[in-house]
>>> print(open('entry_31.txt').read())   # compact mmCIF, C-alpha atoms
# COMPACT_ATOMS: atom_id res chain seq x y z
CA MET N 29 -19.55 4.31 -12.92
CA THR N 30 -16.66 4.76 -15.35
CA GLY N 31 -13.00 4.66 -14.35
CA GLY N 32 -12.80 8.39 -14.98
CA GLU N 33 -15.76 9.17 -12.71
CA LEU N 34 -14.36 7.04 -9.90
CA ALA N 35 -10.98 8.70 -10.30
CA ALA N 36 -12.31 12.22 -10.02
CA TRP N 37 -14.53 11.31 -7.07
CA VAL N 38 -11.68 9.76 -5.10
CA SER N 39 -9.33 12.63 -5.90
CA GLY N 40 -11.75 15.14 -4.40
CA GLU N 41 -12.43 13.04 -1.30
CA SER N 42 -8.78 12.20 -0.56
CA GLN N 43 -7.95 15.86 0.09
CA ALA N 44 -9.88 15.74 3.34
CA ALA N 45 -7.42 13.38 5.10
CA GLY N 46 -5.86 14.12 8.47
CA SER N 47 -7.82 15.38 11.43
CA GLU N 48 -11.07 15.23 9.41
CA LEU N 49 -10.63 11.48 8.83
CA LYS N 50 -14.02 10.34 10.06
CA LYS N 51 -15.78 13.02 8.05
CA THR N 52 -13.79 11.93 4.97
CA ILE N 53 -14.69 8.28 5.38
CA TYR N 54 -18.39 8.86 5.99
CA SER N 55 -18.59 11.40 3.15
CA THR N 56 -16.87 8.96 0.85
CA LEU N 57 -19.24 6.15 1.78
CA PHE N 58 -22.23 8.42 1.22
CA LEU N 59 -20.94 9.36 -2.22
CA VAL N 60 -20.26 5.73 -3.15
CA THR N 61 -23.84 4.81 -2.32
CA ALA N 62 -25.30 7.83 -4.06
CA LEU N 63 -23.21 7.35 -7.16
CA THR N 64 -23.97 3.65 -7.36
CA LEU N 65 -27.73 4.14 -7.06
CA ALA N 66 -28.10 7.24 -9.16
CA ALA N 67 -25.22 6.74 -11.61
CA CYS N 68 -24.59 10.42 -11.42
CA GLY N 69 -21.57 12.31 -12.67
CA ASN N 70 -18.28 13.44 -11.27
CA ALA N 71 -18.45 14.19 -7.52
CA ALA N 72 -15.00 15.73 -7.09
CA SER N 73 -14.60 19.26 -5.80
CA ASN N 74 -14.89 21.92 -8.47
CA ASP N 75 -11.65 23.38 -7.18
CA ALA N 76 -9.73 20.10 -7.57
CA PRO N 77 -7.94 19.25 -10.82
CA ALA N 78 -9.42 16.35 -12.75
CA ALA N 79 -7.61 13.17 -11.74
CA VAL N 80 -8.43 11.30 -14.94
CA GLU N 81 -9.11 13.04 -18.22
CA PRO N 82 -10.33 10.84 -21.11
CA ALA N 83 -8.81 11.70 -24.45
CA GLN N 84 -9.72 10.64 -27.95
CA GLU N 85 -10.42 6.95 -28.39
CA THR N 86 -8.28 4.92 -30.73
CA THR N 87 -9.03 1.57 -32.32
CA GLU N 88 -6.49 -1.22 -32.61
CA SER N 89 -7.78 -4.25 -34.42
CA THR N 90 -11.20 -4.98 -32.85
CA THR N 91 -10.34 -3.59 -29.41
CA GLU N 92 -11.13 -0.01 -28.46
CA ARG N 93 -8.33 1.63 -26.52
CA GLU N 94 -8.65 4.93 -24.69
CA THR N 95 -5.96 7.26 -23.42
CA VAL N 96 -6.48 8.65 -19.93
CA THR N 97 -4.41 11.05 -17.86
CA ILE N 98 -3.73 9.79 -14.34
CA VAL N 99 -1.91 11.39 -11.41
CA ASP N 100 0.47 8.95 -9.73
CA PHE N 101 2.07 8.90 -6.27
CA ASP N 102 4.80 11.29 -7.42
CA GLY N 103 2.13 13.83 -8.38
CA GLN N 104 2.97 13.43 -12.06
CA SER N 105 0.21 13.75 -14.66
CA ILE N 106 0.85 10.92 -17.11
CA GLU N 107 -1.02 9.77 -20.18
CA VAL N 108 -1.72 6.03 -20.03
CA GLN N 109 -3.47 3.81 -22.54
CA THR N 110 -6.24 1.73 -21.01
CA ASN N 111 -6.23 -2.07 -20.97
CA PRO N 112 -2.48 -2.59 -21.57
CA LYS N 113 -1.52 -6.14 -22.55
CA THR N 114 2.13 -6.18 -21.49
CA VAL N 115 2.76 -4.85 -18.01
CA ALA N 116 5.32 -4.91 -15.20
CA ILE N 117 4.15 -4.33 -11.61
CA TYR N 118 6.74 -3.67 -8.90
CA ASP N 119 4.34 -3.02 -6.01
CA PHE N 120 2.62 -5.82 -4.11
CA GLY N 121 -0.27 -3.56 -3.07
CA VAL N 122 -1.18 -3.07 -6.74
CA LEU N 123 -1.06 -6.81 -7.38
CA ASP N 124 -3.18 -7.30 -4.27
CA ILE N 125 -5.91 -4.95 -5.56
CA LEU N 126 -6.02 -6.49 -9.03
CA TYR N 127 -6.16 -10.01 -7.62
CA ASN N 128 -8.96 -9.20 -5.19
CA VAL N 129 -11.21 -7.63 -7.82
CA GLY N 130 -10.61 -10.24 -10.54
CA PHE N 131 -7.21 -10.11 -12.22
CA GLU N 132 -8.46 -12.07 -15.22
CA LYS N 133 -10.60 -9.08 -16.23
CA THR N 134 -7.53 -6.88 -16.76
CA GLY N 135 -6.79 -8.56 -20.10
CA ILE N 136 -3.06 -8.59 -19.28
CA GLU N 137 -1.30 -11.18 -21.41
CA THR N 138 2.28 -10.73 -20.20
CA LEU N 139 3.16 -9.64 -16.67
CA ILE N 140 6.52 -9.04 -14.99
CA ILE N 141 6.52 -9.11 -11.19
CA PRO N 142 9.33 -8.97 -8.61
CA ASN N 143 10.97 -11.96 -7.01
CA SER N 144 11.01 -11.99 -3.21
CA THR N 145 13.15 -13.75 -0.65
CA GLY N 146 11.19 -16.81 0.41
CA GLY N 147 8.72 -16.40 -2.46
CA LEU N 148 5.65 -14.22 -2.86
CA PRO N 149 3.41 -13.49 0.12
CA ALA N 150 0.87 -16.27 0.60
CA SER N 151 -1.99 -13.95 -0.34
CA LEU N 152 -0.37 -13.42 -3.76
CA SER N 153 0.46 -17.08 -4.46
CA TYR N 154 -1.89 -16.94 -7.46
CA PHE N 155 0.87 -15.19 -9.40
CA GLU N 156 3.53 -17.85 -8.82
CA ASP N 157 2.39 -20.51 -11.28
CA GLN N 158 0.77 -18.60 -14.14
CA ASP N 159 2.14 -19.08 -17.66
CA PHE N 160 1.97 -15.36 -18.44
CA ILE N 161 4.13 -14.39 -15.42
CA HIS N 162 7.81 -13.48 -15.68
CA PHE N 163 9.98 -12.59 -12.68
CA GLY N 164 12.15 -9.54 -13.23
CA GLY N 165 14.10 -8.03 -10.35
CA THR N 166 12.84 -7.41 -6.82
CA LEU N 167 10.78 -4.79 -5.02
CA PHE N 168 14.03 -2.77 -4.90
CA TYR N 169 15.62 -3.66 -8.23
CA VAL N 170 14.20 -3.25 -11.74
CA ASP N 171 15.95 -5.90 -13.87
CA HIS N 172 16.82 -4.55 -17.30
CA ASP N 173 17.77 -7.99 -18.60
CA VAL N 174 14.18 -9.17 -18.25
CA LEU N 175 12.60 -5.93 -19.45
CA ASP N 176 14.81 -6.06 -22.56
CA LEU N 177 13.15 -9.30 -23.64
CA LEU N 178 9.64 -7.84 -23.71
CA GLN N 179 8.09 -4.80 -25.29
CA LEU N 180 6.17 -3.46 -22.29
CA GLU N 181 3.34 -0.97 -22.61
CA LEU N 182 3.23 -0.06 -18.92
CA VAL N 183 5.52 -0.34 -15.89
CA ILE N 184 3.99 0.32 -12.47
CA LEU N 185 6.79 1.13 -10.05
CA GLY N 186 6.62 1.00 -6.27
CA ALA N 187 8.13 3.29 -3.67
CA ARG N 188 11.03 0.86 -3.16
CA SER N 189 11.93 0.62 -6.87
CA PHE N 190 15.53 1.55 -7.77
CA GLY N 191 16.58 1.22 -4.12
CA MET N 192 19.21 -1.44 -4.88
CA ASN N 193 21.50 -2.58 -7.66
CA ALA N 194 21.77 -6.08 -9.13
CA ASN N 195 24.08 -7.15 -6.29
CA GLY N 196 21.61 -6.13 -3.62
CA ASP N 197 23.62 -3.08 -2.52
CA ARG N 198 21.54 -0.11 -1.39
CA LEU N 199 21.81 2.99 -3.56
CA ASN N 200 22.21 6.52 -2.28
CA ASP N 201 20.00 9.33 -3.56
CA GLU N 202 22.33 10.21 -6.43
CA GLU N 203 22.64 6.60 -7.54
CA TRP N 204 18.87 6.16 -7.22
CA ASP N 205 18.26 9.13 -9.52
CA ALA N 206 20.79 7.84 -12.05
CA PHE N 207 19.32 4.31 -12.12
CA ARG N 208 15.81 5.69 -12.52
CA GLU N 209 16.81 8.05 -15.33
CA GLU N 210 18.72 5.31 -17.12
CA THR N 211 15.67 3.05 -16.98
CA PHE N 212 13.30 5.69 -18.33
CA ASN N 213 15.65 6.54 -21.19
CA ARG N 214 16.29 2.89 -22.01
CA TYR N 215 12.57 2.19 -22.52
CA ASP N 216 11.34 5.43 -24.03
CA GLU N 217 8.36 3.67 -25.65
CA THR N 218 7.15 2.37 -22.28
CA THR N 219 4.91 4.34 -19.90
CA PHE N 220 6.17 4.48 -16.29
CA ILE N 221 3.97 5.40 -13.32
CA ARG N 222 4.50 5.02 -9.56
CA LEU N 223 1.89 3.63 -7.20
CA GLY N 224 2.11 2.43 -3.61
CA PRO N 225 2.93 4.47 -0.49
CA GLY N 226 6.42 5.42 0.57
CA ARG N 227 7.71 6.07 4.08
CA GLU N 228 4.86 8.46 4.86
CA ILE N 229 1.78 6.26 4.78
CA ASN N 230 -1.70 7.81 4.74
CA LEU N 231 -3.67 4.60 4.54
CA VAL N 232 -7.06 5.87 3.35
CA GLN N 233 -5.58 8.29 0.84
CA ASP N 234 -3.06 5.73 -0.42
CA ILE N 235 -5.69 3.04 -1.00
CA GLN N 236 -7.89 5.58 -2.76
CA THR N 237 -5.05 6.67 -5.03
CA ASN N 238 -4.26 3.09 -6.00
CA ALA N 239 -7.96 2.46 -6.64
CA ARG N 240 -8.38 5.67 -8.65
CA VAL N 241 -5.53 4.94 -11.00
CA LEU N 242 -6.23 1.23 -11.48
CA ALA N 243 -9.93 1.88 -12.16
CA ALA N 244 -8.94 4.35 -14.87
CA ILE N 245 -6.40 2.04 -16.50
CA PHE N 246 -8.63 -1.06 -16.29
CA PRO N 247 -12.17 0.32 -16.72
CA ASP N 248 -13.74 -3.16 -16.81
CA LEU N 249 -12.76 -3.43 -13.12
CA ALA N 250 -14.08 -0.02 -12.05
CA ASP N 251 -17.32 -1.32 -10.54
CA GLU N 252 -15.54 -4.04 -8.56
CA ILE N 253 -12.92 -1.58 -7.35
CA GLU N 254 -15.61 0.88 -6.26
CA ALA N 255 -17.52 -1.78 -4.31
CA GLU N 256 -14.45 -3.15 -2.55
CA LEU N 257 -13.19 0.32 -1.71
CA ALA N 258 -16.52 1.15 -0.07
CA THR N 259 -16.34 -2.03 2.04
CA ILE N 260 -12.82 -1.24 3.20
CA LEU N 261 -13.61 2.37 4.08
CA ALA N 262 -16.60 1.16 6.10
CA GLY N 263 -14.33 -1.25 7.95
CA ILE N 264 -11.80 1.47 8.76
CA ALA N 265 -14.61 3.71 9.99
CA GLU N 266 -15.92 0.93 12.24
CA VAL N 267 -12.47 0.34 13.77
CA HIS N 268 -12.03 4.09 14.29
CA ASP N 269 -15.37 4.41 16.09
CA LYS N 270 -14.78 1.39 18.32
CA ALA N 271 -11.20 2.37 19.17
CA GLU N 272 -12.21 5.92 19.96
CA ALA N 273 -15.13 4.78 22.12
CA SER N 274 -12.95 2.31 24.01
CA GLY N 275 -10.54 5.05 25.08
CA SER N 276 -7.74 2.47 24.87
CA THR N 277 -4.17 3.71 24.75
CA ALA N 278 -1.96 1.86 22.29
CA ILE N 279 1.58 1.61 21.00
CA PHE N 280 2.81 0.21 17.69
CA ALA N 281 5.91 -1.93 18.25
CA MET N 282 8.06 -3.70 15.69
CA MET N 283 10.43 -6.56 16.44
CA MET N 284 13.29 -5.93 14.02
CA ASP N 285 14.85 -9.29 14.87
CA ALA N 286 14.77 -11.71 17.79
CA THR N 287 15.76 -9.05 20.35
CA SER N 288 15.62 -5.57 18.77
CA LEU N 289 12.48 -3.54 19.46
CA SER N 290 11.39 -0.37 17.67
CA VAL N 291 8.31 1.72 18.45
CA PHE N 292 6.24 4.01 16.29
CA ASN N 293 4.38 6.96 17.81
CA PRO N 294 2.12 9.54 16.12
CA GLY N 295 3.73 11.12 13.08
CA SER N 296 5.63 7.95 12.20
CA ARG N 297 5.31 5.47 9.37
CA PHE N 298 2.52 3.67 11.24
CA ASN N 299 0.63 6.79 12.24
CA MET N 300 -2.50 5.15 10.77
CA LEU N 301 -2.92 3.24 14.04
CA TYR N 302 -3.65 6.52 15.81
CA GLU N 303 -4.93 8.88 13.11
CA GLU N 304 -6.98 6.61 10.88
CA PHE N 305 -7.80 3.68 13.15
CA GLY N 306 -8.56 5.89 16.14
CA PHE N 307 -6.40 4.52 18.97
CA ALA N 308 -5.18 6.98 21.57
CA PRO N 309 -1.35 7.04 21.65
CA ALA N 310 0.13 5.72 24.88
CA ASP N 311 2.90 8.32 24.57
CA ALA N 312 0.99 11.37 23.35
CA GLU N 313 3.93 13.67 24.10
CA ALA N 314 6.46 11.69 22.08
CA PRO N 315 8.26 13.70 19.38
CA ALA N 316 7.43 12.85 15.78
CA TRP N 317 9.79 10.22 14.44
CA THR N 318 9.67 9.67 10.71
CA ASP N 319 12.47 7.12 10.27
CA ALA N 320 11.15 4.13 8.35
CA HIS N 321 12.17 1.77 11.13
CA GLY N 322 10.97 3.82 14.11
CA PHE N 323 13.23 4.39 17.07
CA ASP N 324 14.94 1.79 19.24
CA ALA N 325 13.31 1.15 22.58
CA ARG N 326 13.71 -1.11 25.58
CA ALA N 327 11.11 -2.98 27.56
CA GLU N 328 11.42 -0.30 30.24
CA TYR N 329 9.95 2.24 27.82
CA LEU N 330 6.84 0.11 27.29
CA LEU N 331 6.42 -0.16 31.04
CA SER N 332 6.85 3.59 31.51
CA ILE N 333 4.06 4.47 29.06
CA ASN N 334 2.03 1.41 30.15
CA PRO N 335 -0.38 1.07 27.19
CA ASP N 336 -3.69 -0.76 27.33
CA VAL N 337 -2.73 -2.66 24.18
CA ILE N 338 0.58 -3.32 22.42
CA PHE N 339 0.33 -4.09 18.72
CA VAL N 340 3.41 -5.99 17.58
CA LEU N 341 4.63 -6.37 14.02
CA ASP N 342 7.20 -9.17 14.00
CA ARG N 343 9.38 -8.10 11.09
CA SER N 344 11.58 -11.13 11.61
CA ASN N 345 8.55 -13.24 10.68
CA ASN N 346 8.29 -11.38 7.37
CA MET N 347 10.14 -12.14 4.14
CA VAL N 348 12.90 -9.69 5.12
CA GLY N 349 14.18 -11.29 8.32
CA PRO N 350 15.55 -14.51 9.79
CA GLY N 351 12.71 -15.81 11.96
CA PRO N 352 9.89 -15.14 14.46
CA ALA N 353 10.45 -13.03 17.59
CA PHE N 354 6.94 -12.41 18.90
CA ASP N 355 7.35 -14.96 21.70
CA ASN N 356 10.33 -13.00 23.03
CA ILE N 357 8.29 -9.91 23.80
CA LEU N 358 5.60 -12.04 25.45
CA ALA N 359 8.21 -13.68 27.67
CA ASP N 360 9.99 -10.47 28.70
CA PRO N 361 9.58 -10.04 32.50
CA ILE N 362 9.44 -6.24 32.26
CA VAL N 363 6.85 -6.22 29.48
CA ALA N 364 4.87 -8.69 31.58
CA GLN N 365 4.27 -5.91 34.11
CA THR N 366 2.41 -3.70 31.65
CA THR N 367 -1.36 -3.40 31.69
CA ALA N 368 -1.45 -4.77 28.13
CA ALA N 369 0.40 -7.93 29.09
CA GLN N 370 -1.56 -8.52 32.28
CA ASN N 371 -4.84 -8.28 30.38
CA GLY N 372 -3.63 -10.46 27.50
CA ASN N 373 -3.62 -7.54 25.10
CA ILE N 374 -0.35 -7.94 23.25
CA ILE N 375 -1.66 -8.44 19.72
CA ALA N 376 0.34 -9.83 16.79
CA LEU N 377 -0.17 -8.03 13.48
CA ASP N 378 0.07 -9.72 10.09
CA PRO N 379 3.55 -8.67 8.92
CA THR N 380 3.02 -8.77 5.16
CA SER N 381 -0.21 -6.75 5.29
CA TRP N 382 1.21 -4.00 7.51
CA TYR N 383 4.75 -3.93 6.11
CA THR N 384 4.89 -5.29 2.57
CA ILE N 385 1.48 -5.03 0.86
CA THR N 386 0.26 -1.74 2.36
CA GLY N 387 -2.17 -0.05 0.01
CA GLY N 388 -3.83 -3.25 -1.19
CA PHE N 389 -7.42 -4.35 -0.64
CA GLY N 390 -6.70 -7.75 0.88
CA ALA N 391 -4.02 -6.23 3.08
CA ALA N 392 -6.43 -3.56 4.34
CA ARG N 393 -9.02 -6.20 5.22
CA GLN N 394 -6.38 -8.09 7.21
CA MET N 395 -5.30 -4.91 9.02
CA ILE N 396 -8.91 -4.30 10.04
CA ALA N 397 -9.22 -7.91 11.23
CA ASP N 398 -6.01 -7.61 13.28
CA LEU N 399 -7.32 -4.59 15.18
CA MET N 400 -10.78 -6.08 15.60
CA GLU N 401 -9.14 -8.98 17.45
CA TYR N 402 -8.59 -6.54 20.30
CA LEU N 403 -11.71 -4.40 19.89
CA ASP N 404 -14.10 -7.36 19.78
>>> encode(input="entry_31.txt", output="structure tokens")
Amino acid sequence: MTGGELAAWVSGESQAAGSELKKTIYSTLFLVTALTLAACGNAASNDAPAAVEPAQETTESTTERETVTIVDFDGQSIEVQTNPKTVAIYDFGVLDILYNVGFEKTGIETLIIPNSTGGLPASLSYFEDQDFIHFGGTLFYVDHDVLDLLQLELVILGARSFGMNANGDRLNDEEWDAFREETFNRYDETTFIRLGPGREINLVQDIQTNARVLAAIFPDLADEIEAELATILAGIAEVHDKAEASGSTAIFAMMMDATSLSVFNPGSRFNMLYEEFGFAPADAEAPAWTDAHGFDARAEYLLSINPDVIFVLDRSNNMVGPGPAFDNILADPIVAQTTAAQNGNIIALDPTSWYTITGGFGAARQMIADLMEYLD
């Protein structure tokens, strides 16, 4: 299957997200199998716009280069040349996908990636000691000083890009727009696209979008991307079926630091626990809360909704906080009265997979494994 065929297929399937999740996943898996065996053409809906449109091929030296039109996370149709040699990637989920399907096949010769407090996530340690790697900015800051030194063909931005200045100060919306515009104008010969989910995460759709675009840009990886995507969708479907059959009520909790607790109900940033992974919300009547950090809660709230399982993301154990706090919630005497605690069902989630690398293949596999710890 070509990158263009995979792109159009995923674009058509991703429109079925939401309440039709299971149908979307099973339909997608069916199409993956059918397309792989029969090598048939584009399976996207006839009503959907083409996600990737091959243009005329050009030849540079002995390497054939093709221009494709992709649709990024901002909904922008952008012409991108395949197999770029000089690239910057400011989203860990994108790095995660390319690493898990064979980064060496991308043909990238120079790569700029963001620095992170405490270093890169362990699952991305491959990128720390490579000669072709340059560090330029952070997930929130695109460093012009580094970009000025290299003539980049492609910059893949993340949702967090342009969120801070060089001093680490958060930018308001007006400052964000100005920084972004300045960057685009400064490098008018460079192609900019945005991948990676923002505050509203639709896990299946977001992974498919990342896969669609990367398969189009790096066609030599299209088969590997297709195979890994099928495996992940099958895993999500399995979790959904088991969670739904169990009838277990759940709550997604985040420890912001050693003592501060936030919870995420349906309609929140971590809605995938309920919608896509199939767990029944312990507080089904809770109002939608879309703040990126949930809403503050006390142990008494957990006892009042009394979930069968509490999934805890210890943000303080991530690269953005001071230290672990998971033991604190286990030791809380009020939390200890919940059904989840009494049955030993307070489950720690991998913080980097759920919080930092969302949208990547390796991260998705870890998310599935975290939930299977309870379901199995």
>>> closest_residue(input="entry_31.txt", among="N:Leu331, N:Lys133, N:Val267, N:Asp324", to="Leu301 in chain N", atoms="only C-alpha atoms")
N:Val267
>>> residues_around(input="entry_31.txt", residues="range 151-165 of chain N", least_positions_apart="2", cutoff="6 Å", atoms="all atoms listed in the file", output="list in words")
Thr138, Leu139, Ile140, Ile141, Pro142, Asn143, Pro149, Tyr169, Val170, Asp171 and Val174 of chain N
>>> closest_residue(input="entry_31.txt", among="N:Leu231, N:Gly390, N:Ser332, N:Ser344", to="Gln365 in chain N", atoms="only C-alpha atoms")
N:Ser332
>>> atom_distance(input="entry_31.txt", atom1="CA of Thr237 in chain N", atom2="CA of Phe101 in chain N")
7.6 Å
>>> residues_around(input="entry_31.txt", residues="Phe298 in chain N", least_positions_apart="6", cutoff="8 Å", atoms="all atoms listed in the file", output="list in words")
Ile229, Phe280 and Phe292 of chain N
>>> atom_distance(input="entry_31.txt", atom1="CA of Glu202 in chain N", atom2="CA of Asp102 in chain N")
17.6 Å
>>> closest_residue(input="entry_31.txt", among="N:Ile245, N:Met192, N:Val232, N:Asp197", to="Arg93 in chain N", atoms="only C-alpha atoms")
N:Ile245
>>> closest_residue(input="entry_31.txt", among="N:Ile117, N:Asn293, N:Val96, N:Thr219", to="Pro247 in chain N", atoms="all atoms listed in the file")
N:Val96
>>> atom_distance(input="entry_31.txt", atom1="CA of Glu107 in chain N", atom2="CA of Glu181 in chain N")
11.8 Å
>>> closest_residue(input="entry_31.txt", among="N:Ala376, N:Ala391, N:Val129, N:Leu177", to="Asp248 in chain N", atoms="all atoms listed in the file")
N:Val129
>>> closest_residue(input="entry_31.txt", among="N:Gly372, N:Thr134, N:Arg393, N:Ile98", to="Glu252 in chain N", atoms="only C-alpha atoms")
N:Thr134
>>> residues_around(input="entry_31.txt", residues="Phe220 in chain N", least_positions_apart="3", cutoff="10 Å", atoms="all atoms listed in the file", output="MDAnalysis selection string")
chainID N and resid 100 106:108 116 180:185 211:212 215:217
